[in-house]
$ cat my_file_19.cif   # mmCIF, C-alpha atoms and all ligand atoms
data_input
loop_
_atom_site.label_atom_id
_atom_site.label_comp_id
_atom_site.auth_asym_id
_atom_site.auth_seq_id
_atom_site.Cartn_x
_atom_site.Cartn_y
_atom_site.Cartn_z
CA MET A 1 0.00 0.00 0.00
CA ARG A 2 1.16 3.55 -0.80
CA TYR A 3 -0.14 6.47 1.24
CA LYS A 4 1.77 9.39 -0.36
CA ARG A 5 -1.26 11.48 -1.34
CA SER A 6 -2.87 10.94 2.09
CA SER A 7 0.29 11.97 3.91
CA ASP A 8 0.61 15.09 1.74
CA LEU A 9 -3.03 15.94 2.49
CA PHE A 10 -2.46 15.35 6.21
CA ARG A 11 0.48 17.77 6.18
CA LEU A 12 -1.76 20.41 4.54
CA ALA A 13 -4.65 19.73 6.89
CA LYS A 14 -2.45 20.18 9.97
CA LYS A 15 -1.66 23.73 8.86
CA LYS A 16 -5.29 24.84 9.25
CA ILE A 17 -7.08 22.21 11.38
CA PRO A 18 -5.89 21.23 14.90
CA GLY A 19 -4.13 17.88 14.53
CA GLY A 20 -5.30 17.85 10.90
CA VAL A 21 -8.63 16.31 11.88
CA ASN A 22 -12.09 17.35 12.99
CA SER A 23 -12.32 14.57 15.53
CA PRO A 24 -9.24 13.44 17.47
CA VAL A 25 -9.64 9.68 17.19
CA ARG A 26 -9.15 9.95 13.40
CA ALA A 27 -5.58 11.21 13.81
CA PHE A 28 -3.96 7.78 14.35
CA LYS A 29 -2.33 9.16 17.54
CA SER A 30 -2.45 5.89 19.46
CA VAL A 31 -1.45 3.68 16.52
CA GLY A 32 1.13 6.02 14.97
CA GLY A 33 1.56 6.91 11.35
CA SER A 34 -0.50 9.22 9.21
CA PRO A 35 -4.24 8.82 8.64
CA ILE A 36 -5.54 7.86 5.21
CA PHE A 37 -7.72 10.39 3.42
CA ILE A 38 -10.84 8.95 1.87
CA LYS A 39 -11.94 9.87 -1.64
CA LYS A 40 -15.15 7.82 -1.76
CA ALA A 41 -16.93 4.83 -0.28
CA LYS A 42 -19.49 2.34 -1.62
CA GLY A 43 -21.08 -0.58 0.16
CA ALA A 44 -18.47 -2.20 2.43
CA TYR A 45 -15.51 -0.51 0.73
CA LEU A 46 -13.45 2.63 1.26
CA TYR A 47 -11.25 4.13 -1.48
CA ASP A 48 -8.49 6.47 -0.35
CA GLU A 49 -6.73 9.29 -2.20
CA ASP A 50 -3.96 6.90 -3.28
CA ASN A 51 -6.60 4.63 -4.84
CA ASN A 52 -6.13 1.97 -2.17
CA LYS A 53 -9.26 -0.08 -1.44
CA PHE A 54 -10.18 -1.15 2.09
CA ILE A 55 -12.90 -3.28 3.63
CA ASP A 56 -14.46 -0.94 6.18
CA TYR A 57 -15.04 -2.18 9.75
CA ILE A 58 -15.96 1.15 11.33
CA SER A 59 -18.83 2.21 9.04
CA SER A 60 -18.22 5.86 10.02
CA TRP A 61 -18.24 4.74 13.72
CA GLY A 62 -21.64 3.14 13.29
CA PRO A 63 -23.98 5.16 11.02
CA MET A 64 -23.39 3.24 7.77
CA ILE A 65 -25.05 0.01 8.96
CA ILE A 66 -26.63 -0.61 5.52
CA GLY A 67 -23.36 0.20 3.74
CA HIS A 68 -21.89 3.35 2.22
CA SER A 69 -23.68 5.36 -0.49
CA ASN A 70 -26.84 3.29 -0.40
CA ASP A 71 -28.69 4.17 -3.64
CA TYR A 72 -32.05 4.73 -1.92
CA VAL A 73 -30.50 7.01 0.70
CA ILE A 74 -28.48 8.99 -1.84
CA ASP A 75 -31.50 9.44 -4.14
CA ALA A 76 -33.68 10.52 -1.21
CA ILE A 77 -31.10 13.11 -0.10
CA ALA A 78 -30.68 14.41 -3.67
CA ASN A 79 -34.42 14.73 -4.27
CA THR A 80 -34.98 16.41 -0.90
CA ALA A 81 -32.10 18.85 -1.42
CA LYS A 82 -33.76 20.13 -4.60
CA LYS A 83 -36.63 21.38 -2.43
CA GLY A 84 -34.33 23.24 -0.02
CA THR A 85 -31.85 22.15 2.64
CA SER A 86 -32.96 23.91 5.83
CA PHE A 87 -35.84 26.17 6.81
CA GLY A 88 -35.86 26.52 10.59
CA ILE A 89 -39.59 25.86 10.17
CA PRO A 90 -41.34 22.52 10.93
CA THR A 91 -41.56 19.93 8.14
CA SER A 92 -43.65 16.74 7.92
CA LEU A 93 -40.44 14.69 7.58
CA GLU A 94 -39.67 15.32 11.26
CA THR A 95 -43.03 13.91 12.29
CA GLU A 96 -42.62 10.92 9.98
CA ILE A 97 -39.25 9.86 11.41
CA ALA A 98 -40.44 10.62 14.95
CA GLU A 99 -43.41 8.30 14.43
CA LEU A 100 -41.13 5.56 13.10
CA VAL A 101 -38.68 5.86 16.03
CA VAL A 102 -41.38 6.00 18.72
CA SER A 103 -43.14 2.97 17.22
CA SER A 104 -39.85 1.00 17.08
CA VAL A 105 -38.24 1.81 20.45
CA PRO A 106 -39.75 0.62 23.75
CA ASN A 107 -40.72 3.02 26.58
CA ILE A 108 -40.67 6.32 24.70
CA ASP A 109 -43.73 8.44 23.82
CA LYS A 110 -41.92 11.44 22.33
CA ILE A 111 -38.54 12.23 20.79
CA ARG A 112 -36.57 15.42 20.17
CA PHE A 113 -34.07 15.56 17.29
CA VAL A 114 -30.71 17.31 17.63
CA ASN A 115 -27.48 17.29 15.58
CA SER A 116 -25.14 14.86 17.34
CA GLY A 117 -24.90 12.20 19.98
CA THR A 118 -23.17 14.71 22.25
CA GLU A 119 -26.13 17.08 22.01
CA ALA A 120 -28.54 14.21 22.67
CA CYS A 121 -26.69 13.08 25.81
CA MET A 122 -26.08 16.56 27.21
CA SER A 123 -29.77 17.42 26.67
CA ALA A 124 -30.83 14.14 28.33
CA ILE A 125 -28.80 15.03 31.42
CA ARG A 126 -30.35 18.52 31.59
CA LEU A 127 -33.82 16.99 31.21
CA ALA A 128 -33.12 14.48 33.99
CA ARG A 129 -31.76 17.19 36.31
CA GLY A 130 -34.72 19.47 35.61
CA PHE A 131 -37.26 16.68 36.00
CA THR A 132 -35.83 15.30 39.29
CA LYS A 133 -34.62 18.69 40.64
CA ARG A 134 -31.34 16.95 41.53
CA GLU A 135 -27.84 17.79 40.31
CA LYS A 136 -25.53 14.79 40.47
CA ILE A 137 -25.15 12.15 37.77
CA ILE A 138 -23.35 8.81 37.69
CA LYS A 139 -21.37 7.80 34.64
CA PHE A 140 -19.01 4.86 34.16
CA SER A 141 -15.26 5.02 33.73
CA GLY A 142 -14.46 4.40 30.07
CA CYS A 143 -17.95 5.14 28.83
CA TYR A 144 -18.17 8.00 26.37
CA HIS A 145 -21.27 10.16 25.94
CA GLY A 146 -19.79 12.88 23.74
CA HIS A 147 -17.66 15.87 24.60
CA SER A 148 -20.02 17.84 26.89
CA ASP A 149 -18.25 18.94 30.11
CA SER A 150 -20.23 16.64 32.41
CA PHE A 151 -18.98 13.60 30.50
CA LEU A 152 -15.29 14.39 30.03
CA ILE A 153 -14.40 12.74 33.30
CA GLN A 154 -12.77 9.31 32.87
CA ALA A 155 -14.24 9.19 29.37
CA GLY A 156 -13.58 6.48 26.81
CA SER A 157 -13.18 6.60 23.02
CA GLY A 158 -10.94 9.38 21.74
CA ALA A 159 -10.43 10.82 25.24
CA ALA A 160 -8.98 7.50 26.42
CA THR A 161 -7.08 7.06 23.15
CA LEU A 162 -5.29 10.34 23.73
CA ASN A 163 -4.70 9.37 27.34
CA SER A 164 -6.79 12.33 28.52
CA PRO A 165 -9.93 10.66 29.86
CA SER A 166 -10.51 13.75 32.04
CA SER A 167 -10.14 16.92 30.03
CA PRO A 168 -8.60 20.25 31.07
CA GLY A 169 -11.17 23.03 30.79
CA VAL A 170 -13.83 21.14 32.74
CA THR A 171 -14.54 23.16 35.89
CA LYS A 172 -14.35 21.85 39.45
CA GLY A 173 -18.02 22.77 39.80
CA THR A 174 -18.85 20.39 36.96
CA VAL A 175 -16.63 17.60 38.19
CA ILE A 176 -18.22 17.45 41.65
CA ASP A 177 -21.60 16.67 40.08
CA THR A 178 -20.30 13.78 37.98
CA LEU A 179 -19.80 10.63 40.08
CA ILE A 180 -17.77 7.81 38.53
CA SER A 181 -18.50 4.09 38.83
CA ASP A 182 -16.89 1.04 37.24
CA TYR A 183 -18.69 -0.77 34.42
CA ASN A 184 -20.02 -4.20 35.43
CA ASN A 185 -19.50 -3.31 39.13
CA ILE A 186 -22.82 -2.59 40.87
CA GLU A 187 -21.13 -2.06 44.26
CA SER A 188 -19.41 1.02 42.82
CA VAL A 189 -22.89 2.39 42.09
CA VAL A 190 -24.47 1.47 45.42
CA SER A 191 -21.76 3.39 47.32
CA HIS A 192 -22.63 6.65 45.52
CA PHE A 193 -26.32 6.28 46.38
CA LYS A 194 -25.42 5.61 50.03
CA ASN A 195 -23.37 8.84 50.06
CA TYR A 196 -25.90 10.95 48.14
CA PRO A 197 -29.30 9.27 48.64
CA ASN A 198 -31.37 12.26 47.47
CA GLU A 199 -28.99 14.03 45.09
CA ILE A 200 -28.54 11.76 42.08
CA ALA A 201 -30.66 12.85 39.12
CA ALA A 202 -29.66 10.01 36.83
CA ILE A 203 -27.32 7.24 35.86
CA ILE A 204 -26.16 7.46 32.26
CA ILE A 205 -24.77 4.27 30.78
CA GLU A 206 -23.91 2.67 27.46
CA PRO A 207 -26.06 -0.48 27.78
CA VAL A 208 -23.36 -2.18 25.73
CA ALA A 209 -20.11 -0.26 26.13
CA GLY A 210 -18.42 0.52 22.82
CA ASN A 211 -15.84 3.12 23.83
CA MET A 212 -13.41 0.87 25.67
CA GLY A 213 -13.59 -1.56 22.82
CA CYS A 214 -16.85 -3.54 22.94
CA ILE A 215 -17.86 -4.58 26.48
CA PRO A 216 -21.29 -6.19 26.98
CA PRO A 217 -22.96 -5.89 30.40
CA LYS A 218 -22.51 -8.88 32.70
CA ASN A 219 -25.72 -10.82 33.47
CA GLY A 220 -27.82 -8.90 35.95
CA PHE A 221 -25.76 -5.69 35.83
CA LEU A 222 -28.27 -3.54 33.94
CA GLU A 223 -31.14 -5.05 35.91
CA ALA A 224 -29.37 -4.05 39.15
CA ILE A 225 -28.86 -0.53 37.78
CA ARG A 226 -32.58 -0.34 36.93
CA LYS A 227 -33.50 -1.52 40.42
CA ILE A 228 -31.33 0.99 42.27
CA CYS A 229 -32.66 3.87 40.14
CA ASP A 230 -36.19 2.84 41.12
CA GLU A 231 -35.21 2.56 44.80
CA TYR A 232 -33.78 6.11 44.90
CA ASN A 233 -36.16 7.75 42.38
CA SER A 234 -33.32 8.52 39.96
CA LEU A 235 -33.70 8.26 36.20
CA LEU A 236 -31.88 5.70 34.07
CA ILE A 237 -30.51 7.06 30.78
CA PHE A 238 -29.50 4.50 28.15
CA ASP A 239 -27.00 6.12 25.84
CA GLU A 240 -27.92 4.22 22.66
CA VAL A 241 -26.00 6.48 20.30
CA MET A 242 -24.07 3.35 19.24
CA THR A 243 -26.52 0.55 20.05
CA GLY A 244 -29.72 2.26 18.89
CA PHE A 245 -31.01 0.64 15.66
CA ARG A 246 -27.76 -1.37 15.57
CA LEU A 247 -28.31 -4.16 18.11
CA SER A 248 -31.93 -4.41 16.97
CA LEU A 249 -34.67 -2.10 15.74
CA GLY A 250 -35.60 -1.45 19.38
CA GLY A 251 -31.95 -1.18 20.42
CA ALA A 252 -30.47 -2.49 23.66
CA GLN A 253 -33.71 -2.01 25.60
CA GLU A 254 -35.37 -4.54 23.30
CA LEU A 255 -32.42 -6.90 22.95
CA LEU A 256 -31.51 -6.97 26.67
CA ASN A 257 -35.06 -6.45 27.96
CA VAL A 258 -34.17 -3.66 30.39
CA LYS A 259 -36.29 -0.50 30.50
CA SER A 260 -34.65 2.93 30.58
CA ASP A 261 -36.35 6.25 31.38
CA ILE A 262 -34.58 8.35 28.74
CA VAL A 263 -32.90 6.96 25.61
CA THR A 264 -30.38 8.84 23.48
CA PHE A 265 -29.62 8.19 19.83
CA GLY A 266 -27.12 9.17 17.15
CA LYS A 267 -25.20 7.55 14.28
CA VAL A 268 -27.63 5.09 12.56
CA ILE A 269 -30.63 7.36 13.23
CA GLY A 270 -29.08 9.94 10.85
CA GLY A 271 -28.06 7.47 8.13
CA GLY A 272 -24.73 9.27 7.72
CA LEU A 273 -25.95 12.84 8.19
CA PRO A 274 -25.67 14.76 11.49
CA VAL A 275 -28.55 13.59 13.69
CA GLY A 276 -28.88 12.88 17.40
CA ALA A 277 -32.08 12.43 19.39
CA PHE A 278 -33.40 11.73 22.87
CA GLY A 279 -36.75 10.27 23.86
CA ALA A 280 -38.75 9.39 26.98
CA ARG A 281 -42.28 8.86 28.22
CA ASN A 282 -44.68 11.85 28.13
CA GLU A 283 -44.34 12.46 31.89
CA ILE A 284 -40.67 13.38 31.34
CA MET A 285 -40.79 14.91 27.84
CA SER A 286 -43.62 17.27 28.87
CA HIS A 287 -41.00 19.20 30.87
CA LEU A 288 -39.05 20.08 27.70
CA ALA A 289 -39.47 23.50 26.03
CA PRO A 290 -41.72 24.70 24.59
CA ASP A 291 -44.16 22.49 26.52
CA GLY A 292 -42.20 22.86 29.76
CA PRO A 293 -39.43 24.97 31.27
CA ILE A 294 -36.35 22.86 30.47
CA TYR A 295 -34.70 24.57 27.53
CA GLN A 296 -33.09 22.86 24.53
CA ALA A 297 -32.85 24.13 20.95
CA GLY A 298 -30.96 23.92 17.63
CA THR A 299 -30.91 25.86 14.35
CA LEU A 300 -30.44 22.76 12.20
CA SER A 301 -32.28 20.30 14.42
CA GLY A 302 -34.63 18.23 12.26
CA ASN A 303 -33.38 19.68 8.98
CA PRO A 304 -34.89 17.91 5.98
CA LEU A 305 -31.64 16.45 4.57
CA ALA A 306 -30.67 14.80 7.84
CA MET A 307 -34.23 13.65 8.44
CA ILE A 308 -34.61 12.04 5.01
CA ALA A 309 -31.24 10.28 5.31
CA GLY A 310 -32.22 8.88 8.71
CA LEU A 311 -35.78 8.07 7.71
CA THR A 312 -34.71 6.20 4.56
CA THR A 313 -32.13 4.20 6.52
CA LEU A 314 -34.56 3.32 9.30
CA LYS A 315 -37.23 2.29 6.79
CA ILE A 316 -34.76 -0.10 5.14
CA LEU A 317 -33.91 -1.59 8.55
CA LYS A 318 -37.58 -1.82 9.56
CA ASN A 319 -38.64 -3.44 6.25
CA ASN A 320 -35.70 -5.87 6.15
CA SER A 321 -35.35 -7.12 9.72
CA SER A 322 -33.30 -10.07 8.39
CA ILE A 323 -30.45 -7.54 8.18
CA TYR A 324 -29.97 -7.92 11.93
CA GLU A 325 -29.76 -11.71 11.84
CA SER A 326 -27.38 -11.49 8.89
CA LEU A 327 -25.14 -8.92 10.62
CA ASN A 328 -25.12 -10.96 13.83
CA ALA A 329 -24.19 -14.16 11.96
CA LYS A 330 -21.28 -12.44 10.19
CA THR A 331 -20.04 -11.07 13.52
CA ILE A 332 -20.21 -14.53 15.12
CA THR A 333 -18.23 -15.96 12.19
CA LEU A 334 -15.57 -13.27 12.54
CA HIS A 335 -15.39 -13.83 16.31
CA LYS A 336 -15.08 -17.63 16.00
CA GLU A 337 -12.53 -17.56 13.18
CA MET A 338 -10.34 -14.91 14.83
CA LYS A 339 -10.45 -16.84 18.13
CA LYS A 340 -9.42 -20.07 16.38
CA ARG A 341 -6.42 -18.40 14.74
CA LEU A 342 -5.30 -16.55 17.88
CA GLU A 343 -5.39 -19.73 19.96
CA LYS A 344 -3.51 -21.68 17.30
CA LYS A 345 -0.83 -18.97 17.33
CA GLY A 346 -0.78 -18.90 21.15
CA ILE A 347 -1.30 -15.12 21.40
CA SER A 348 -2.96 -13.74 24.59
CA TYR A 349 -6.20 -12.06 23.56
CA TRP A 350 -9.74 -11.27 24.59
CA ILE A 351 -12.61 -10.78 22.13
CA ASN A 352 -15.99 -9.33 23.10
CA SER A 353 -18.86 -9.27 20.64
CA ILE A 354 -22.60 -8.71 20.66
CA GLY A 355 -24.90 -8.05 17.68
CA SER A 356 -22.71 -6.43 15.02
CA MET A 357 -20.20 -4.96 17.49
CA ILE A 358 -16.90 -6.71 18.17
CA SER A 359 -13.41 -5.85 19.46
CA LEU A 360 -10.09 -7.66 19.92
CA HIS A 361 -7.78 -6.86 22.87
CA PHE A 362 -4.24 -8.24 23.22
CA THR A 363 -4.33 -9.19 26.90
CA GLU A 364 -4.42 -12.14 29.27
CA ASN A 365 -7.38 -10.65 31.14
CA GLU A 366 -11.10 -10.79 30.53
CA VAL A 367 -12.00 -7.27 29.35
CA ILE A 368 -15.00 -6.27 31.46
CA ASP A 369 -14.36 -2.60 32.32
CA PHE A 370 -12.01 0.34 31.71
CA LYS A 371 -9.34 -0.98 34.13
CA THR A 372 -9.05 -4.26 32.24
CA ALA A 373 -9.34 -2.56 28.84
CA ILE A 374 -6.35 -0.28 29.47
CA MET A 375 -4.22 -3.26 30.53
CA ALA A 376 -4.19 -4.56 26.95
CA ASP A 377 -0.93 -4.34 24.97
CA ASN A 378 -1.13 -1.29 22.71
CA GLU A 379 2.23 -2.04 21.07
CA ILE A 380 0.88 -5.29 19.64
CA PHE A 381 -2.37 -3.49 18.75
CA LYS A 382 -0.40 -0.90 16.72
CA LYS A 383 1.33 -3.64 14.69
CA TYR A 384 -2.00 -5.42 14.24
CA PHE A 385 -3.79 -2.24 13.11
CA HIS A 386 -1.15 -1.28 10.52
CA GLY A 387 -0.71 -4.87 9.37
CA MET A 388 -4.42 -5.12 8.65
CA LEU A 389 -4.46 -1.68 7.03
CA ASN A 390 -1.59 -2.65 4.71
CA ASN A 391 -3.57 -5.74 3.77
CA GLY A 392 -6.66 -3.74 2.84
CA ILE A 393 -8.64 -3.87 6.09
CA TYR A 394 -9.66 -0.63 7.81
CA LEU A 395 -10.15 -1.14 11.57
CA PRO A 396 -10.76 1.50 14.25
CA PRO A 397 -7.39 3.24 14.88
CA SER A 398 -7.66 2.73 18.63
CA GLN A 399 -8.03 -0.25 20.97
CA PHE A 400 -10.72 1.74 22.81
CA GLU A 401 -13.19 1.39 19.96
CA SER A 402 -15.59 -1.22 18.66
CA TYR A 403 -15.74 -2.53 15.09
CA PHE A 404 -19.12 -1.91 13.41
CA LEU A 405 -20.10 -4.35 10.68
CA ASN A 406 -22.34 -3.19 7.85
CA ASP A 407 -24.85 -5.11 5.76
CA SER A 408 -22.82 -4.72 2.54
CA LEU A 409 -20.04 -6.85 4.04
CA SER A 410 -20.04 -10.25 2.31
CA TYR A 411 -18.67 -13.60 3.43
CA ARG A 412 -16.08 -13.17 0.65
CA ASP A 413 -15.03 -9.96 2.42
CA ILE A 414 -14.83 -11.87 5.70
CA ASP A 415 -12.64 -14.54 4.08
CA PHE A 416 -10.42 -11.78 2.67
CA THR A 417 -10.27 -10.26 6.18
CA LEU A 418 -9.29 -13.60 7.74
CA ASN A 419 -6.55 -14.13 5.14
CA ALA A 420 -5.18 -10.72 6.06
CA PHE A 421 -5.53 -11.68 9.73
CA ASP A 422 -3.46 -14.86 9.11
CA LYS A 423 -0.70 -12.81 7.45
CA VAL A 424 -0.65 -10.25 10.27
CA LEU A 425 -0.58 -12.89 13.03
CA ARG A 426 2.50 -14.39 11.40
CA SER A 427 4.21 -11.01 11.78
CA LEU A 428 3.26 -10.44 15.45
P1 LIG B 501 -21.23 12.34 18.61
O1 LIG B 501 -21.33 13.69 19.31
O2 LIG B 501 -19.80 12.00 18.25
O3 LIG B 501 -22.19 12.22 17.43
O4 LIG B 501 -21.71 11.23 19.64
C1 LIG B 501 -21.10 11.14 20.89
C2 LIG B 501 -21.30 9.74 21.44
C3 LIG B 501 -22.23 9.54 22.44
N1 LIG B 501 -22.46 8.31 22.95
C4 LIG B 501 -21.77 7.23 22.51
C5 LIG B 501 -22.05 5.88 23.10
C6 LIG B 501 -20.81 7.37 21.48
O5 LIG B 501 -20.11 6.29 21.06
C7 LIG B 501 -20.57 8.64 20.93
C8 LIG B 501 -19.52 8.88 19.86
N2 LIG B 501 -18.79 7.73 19.43
C9 LIG B 501 -17.45 7.98 18.97
C10 LIG B 501 -16.84 6.63 18.57
N3 LIG B 501 -16.54 5.85 19.70
C11 LIG B 501 -17.42 8.97 17.85
C12 LIG B 501 -16.15 9.00 17.06
C13 LIG B 501 -15.45 10.32 17.21
O6 LIG B 501 -15.42 10.86 18.34
O7 LIG B 501 -14.90 10.78 16.18
#

$ encode --input "my_file_19.cif" --output "structure tokens"
Amino acid sequence: MRYKRSSDLFRLAKKKIPGGVNSPVRAFKSVGGSPIFIKKAKGAYLYDEDNNKFIDYISSWGPMIIGHSNDYVIDAIANTAKKGTSFGIPTSLETEIAELVVSSVPNIDKIRFVNSGTEACMSAIRLARGFTKREKIIKFSGCYHGHSDSFLIQAGSGAATLNSPSSPGVTKGTVIDTLISDYNNIESVVSHFKNYPNEIAAIIIEPVAGNMGCIPPKNGFLEAIRKICDEYNSLLIFDEVMTGFRLSLGGAQELLNVKSDIVTFGKVIGGGLPVGAFGARNEIMSHLAPDGPIYQAGTLSGNPLAMIAGLTTLKILKNNSSIYESLNAKTITLHKEMKKRLEKKGISYWINSIGSMISLHFTENEVIDFKTAIMADNEIFKKYFHGMLNNGIYLPPSQFESYFLNDSLSYRDIDFTLNAFDKVLRSL
């Protein structure tokens, strides 16, 4: 593989954009080297500026679940754009996608659209604080809910990748209202409620963690979280920015059968355009402006282009539910075949997978939380990442990320991936 054009473009980008990227995790900081620059993508494939072709395992960090440049989605965006791109005035498209989401996702009566997962999560926290009249929240070390101040404390994803899980610039006043617990450790949650029995507005959690690599909840963990929220009259917020419409049409609530009070969305719900959303039952959503006093707003919220991209994607998922079984089967195949090869080679590893999310950690430990995730060997991961990249496989450029399979990925692509995997293992 040659990356000359990409490295020239990266040099130019760094002159005008901090780190040459508009989101830190793209910068290859934790794996070294220079990021590739993409020219186009179609289906399961990425094509970079040096005309290299890659099988894509991040699907834009989740949104492209039905594959890149889906013809129906592209046509819908093009036709909608001809009628105008943004009005700041209600359109029927917003109601249509809202009806589809509310009818697909358990336990929500209403939904508000915003422009990113960060906006969805930060608005959900404000709604929970306003509704409960309490100020503290609990989040989990290694979970990532976007870059709003309340969340940049022991955050996962890019924050962990850059070894800055707690960001400068977040005030002491903010930090004292964010309590940290350990994923899959209910005792670390109970202790906060014992210390602050009447002050915790909400627990926010990734029902399946995807920002430490993929970490599913241990049996009973989410149920215990639900129970303690009920005991102390706190709200449970499922951050389903990653899992929403990915694990199933109803997301993690449906797949894992645990009810949350507020659900946040992003990624798939926008079909590749900037969309976030948060939903809850009427009792909670009635407190949101303009019905209630809790303020939240956005110039481009619900804009027709983003709505039609999301709506078209969700309709395809709703009308072809076999996509989920197919994605899950491909993920199981990848998990089994990688495991077989790693054991044959005698390399210490841990693989977690659920639905169409999977991640590989080079470690002797079971990866169940942030502490065990950061114990993995990043030096081996770097070799693995670049080895796969040079063999035409694009993986997340950080061990604190999940792979996201998309429906365009074929079993031929998986065989190609496993051949690359064999070559890379020989070099480790
Ligand atoms: P955005 O603001 O990036 O749309 O969403 C924030 C967010 C919220 N909640 C969860 C569970 C998330 O995973 C994310 C964002 N995910 C990362 C990937 N791990 C986005 C990639 C990036 O930061 O460039």

$ residues_around --input "my_file_19.cif" --residues "Asp422 of chain A" --least-positions-apart "2" --cutoff "12 Å" --atoms "only C-alpha atoms" --output "list in words"
Glu337, Met338, Lys339, Lys340, Arg341, Leu342, Lys344, Lys345, Tyr384, Gly387, Met388, Asn391, Asp415, Phe416, Thr417, Leu418, Asn419, Ala420, Val424, Leu425, Arg426, Ser427 and Leu428 of chain A

$ axis_aligned_box --input "my_file_19.cif" --around "segment 208-211 of chain A" --padding-each-side "5 Å" --output "AutoDock Vina command-line options"
--center_x -19.6 --center_y 0.5 --center_z 24.5 --size_x 17.5 --size_y 15.3 --size_z 13.3

$ residues_around --input "my_file_19.cif" --residues "Asp230 of chain A" --least-positions-apart "4" --cutoff "12 Å" --atoms "all atoms listed in the file" --output "list in words"
Phe193, Ile200, Ala201, Ala202, Ile203, Glu223, Ala224, Ile225, Arg226, Ser234, Leu235, Leu236, Lys259, Ser260 and Asp261 of chain A

$ residues_around --input "my_file_19.cif" --residues "Ala44 of chain A" --least-positions-apart "2" --cutoff "7 Å" --atoms "all atoms listed in the file" --output "list in words"
Lys42, Ile55, Asp56, Gly67, His68, Asn406, Ser408 and Leu409 of chain A

$ residues_near_ligand --input "my_file_19.cif" --ligand "ligand LIG 501 (chain B)" --cutoff "7 Å" --atoms "all atoms listed in the file" --output "NGL selection string"
:A and (23-26 or 61 or 116-119 or 121 or 144-147 or 157-158 or 206 or 210-211 or 239-242 or 266-267 or 276 or 401)

$ closest_residue --input "my_file_19.cif" --among "A:Thr312, A:Asn163, A:Gln399, A:Ser248" --to "Tyr324 of chain A" --atoms "only C-alpha atoms"
A:Ser248

$ atom_distance --input "my_file_19.cif" --atom1 "atom CA of Lys139 of chain A" --atom2 "atom CA of Asn328 of chain A"
28.3 Å

$ residues_around --input "my_file_19.cif" --residues "segment 379-383 of chain A" --least-positions-apart "4" --cutoff "12 Å" --atoms "only C-alpha atoms" --output "compact mmCIF listing (two decimals) with C-alpha atoms, in the frame of the given file"
# COMPACT_ATOMS: atom_id res chain seq x y z
CA PHE A 28 -3.96 7.78 14.35
CA LYS A 29 -2.33 9.16 17.54
CA SER A 30 -2.45 5.89 19.46
CA VAL A 31 -1.45 3.68 16.52
CA GLY A 32 1.13 6.02 14.97
CA GLY A 33 1.56 6.91 11.35
CA ILE A 347 -1.30 -15.12 21.40
CA SER A 348 -2.96 -13.74 24.59
CA TYR A 349 -6.20 -12.06 23.56
CA SER A 359 -13.41 -5.85 19.46
CA LEU A 360 -10.09 -7.66 19.92
CA HIS A 361 -7.78 -6.86 22.87
CA PHE A 362 -4.24 -8.24 23.22
CA THR A 363 -4.33 -9.19 26.90
CA ILE A 374 -6.35 -0.28 29.47
CA MET A 375 -4.22 -3.26 30.53
CA GLY A 387 -0.71 -4.87 9.37
CA MET A 388 -4.42 -5.12 8.65
CA LEU A 389 -4.46 -1.68 7.03
CA ASN A 390 -1.59 -2.65 4.71
CA LEU A 395 -10.15 -1.14 11.57
CA PRO A 396 -10.76 1.50 14.25
CA PRO A 397 -7.39 3.24 14.88
CA SER A 398 -7.66 2.73 18.63
CA GLN A 399 -8.03 -0.25 20.97
CA PHE A 400 -10.72 1.74 22.81
CA GLU A 401 -13.19 1.39 19.96
CA PHE A 421 -5.53 -11.68 9.73
CA LYS A 423 -0.70 -12.81 7.45
CA VAL A 424 -0.65 -10.25 10.27
CA LEU A 425 -0.58 -12.89 13.03
CA ARG A 426 2.50 -14.39 11.40
CA SER A 427 4.21 -11.01 11.78
CA LEU A 428 3.26 -10.44 15.45

$ atom_distance --input "my_file_19.cif" --atom1 "atom CA of Lys133 of chain A" --atom2 "atom CA of His287 of chain A"
11.7 Å

$ atom_distance --input "my_file_19.cif" --atom1 "atom CA of Lys194 of chain A" --atom2 "atom CA of Pro165 of chain A"
25.9 Å

$ closest_residue --input "my_file_19.cif" --among "A:Leu300, A:Val101, A:Ile38, A:Ile368" --to "Asn219 of chain A" --atoms "only C-alpha atoms"
A:Ile368

$ residues_around --input "my_file_19.cif" --residues "Gly156 of chain A" --least-positions-apart "2" --cutoff "6 Å" --atoms "only C-alpha atoms" --output "PyMOL selection string"
chain A and resi 142-144+159-160+211-212

$ closest_residue --input "my_file_19.cif" --among "A:Leu317, A:Leu179, A:Ala81, A:Val73" --to "Phe245 of chain A" --atoms "only C-alpha atoms"
A:Leu317

$ closest_residue --input "my_file_19.cif" --among "A:Asp75, A:Ala27, A:Asp413, A:Pro106" --to "Gly250 of chain A" --atoms "all atoms listed in the file"
A:Pro106

$ closest_residue --input "my_file_19.cif" --among "A:Thr313, A:Asn233, A:Thr132, A:Ser410" --to "Ser69 of chain A" --atoms "all atoms listed in the file"
A:Thr313

$ closest_residue --input "my_file_19.cif" --among "A:Val268, A:Val258, A:Ile36, A:Leu93" --to "Ala76 of chain A" --atoms "all atoms listed in the file"
A:Leu93

$ residues_near_point --input "my_file_19.cif" --point "(-17.6, 14.6, 37.2)" --cutoff "10 Å" --atoms "only C-alpha atoms" --output "VMD selection string"
chain A and resid 136 to 139 149 to 154 166 170 to 180
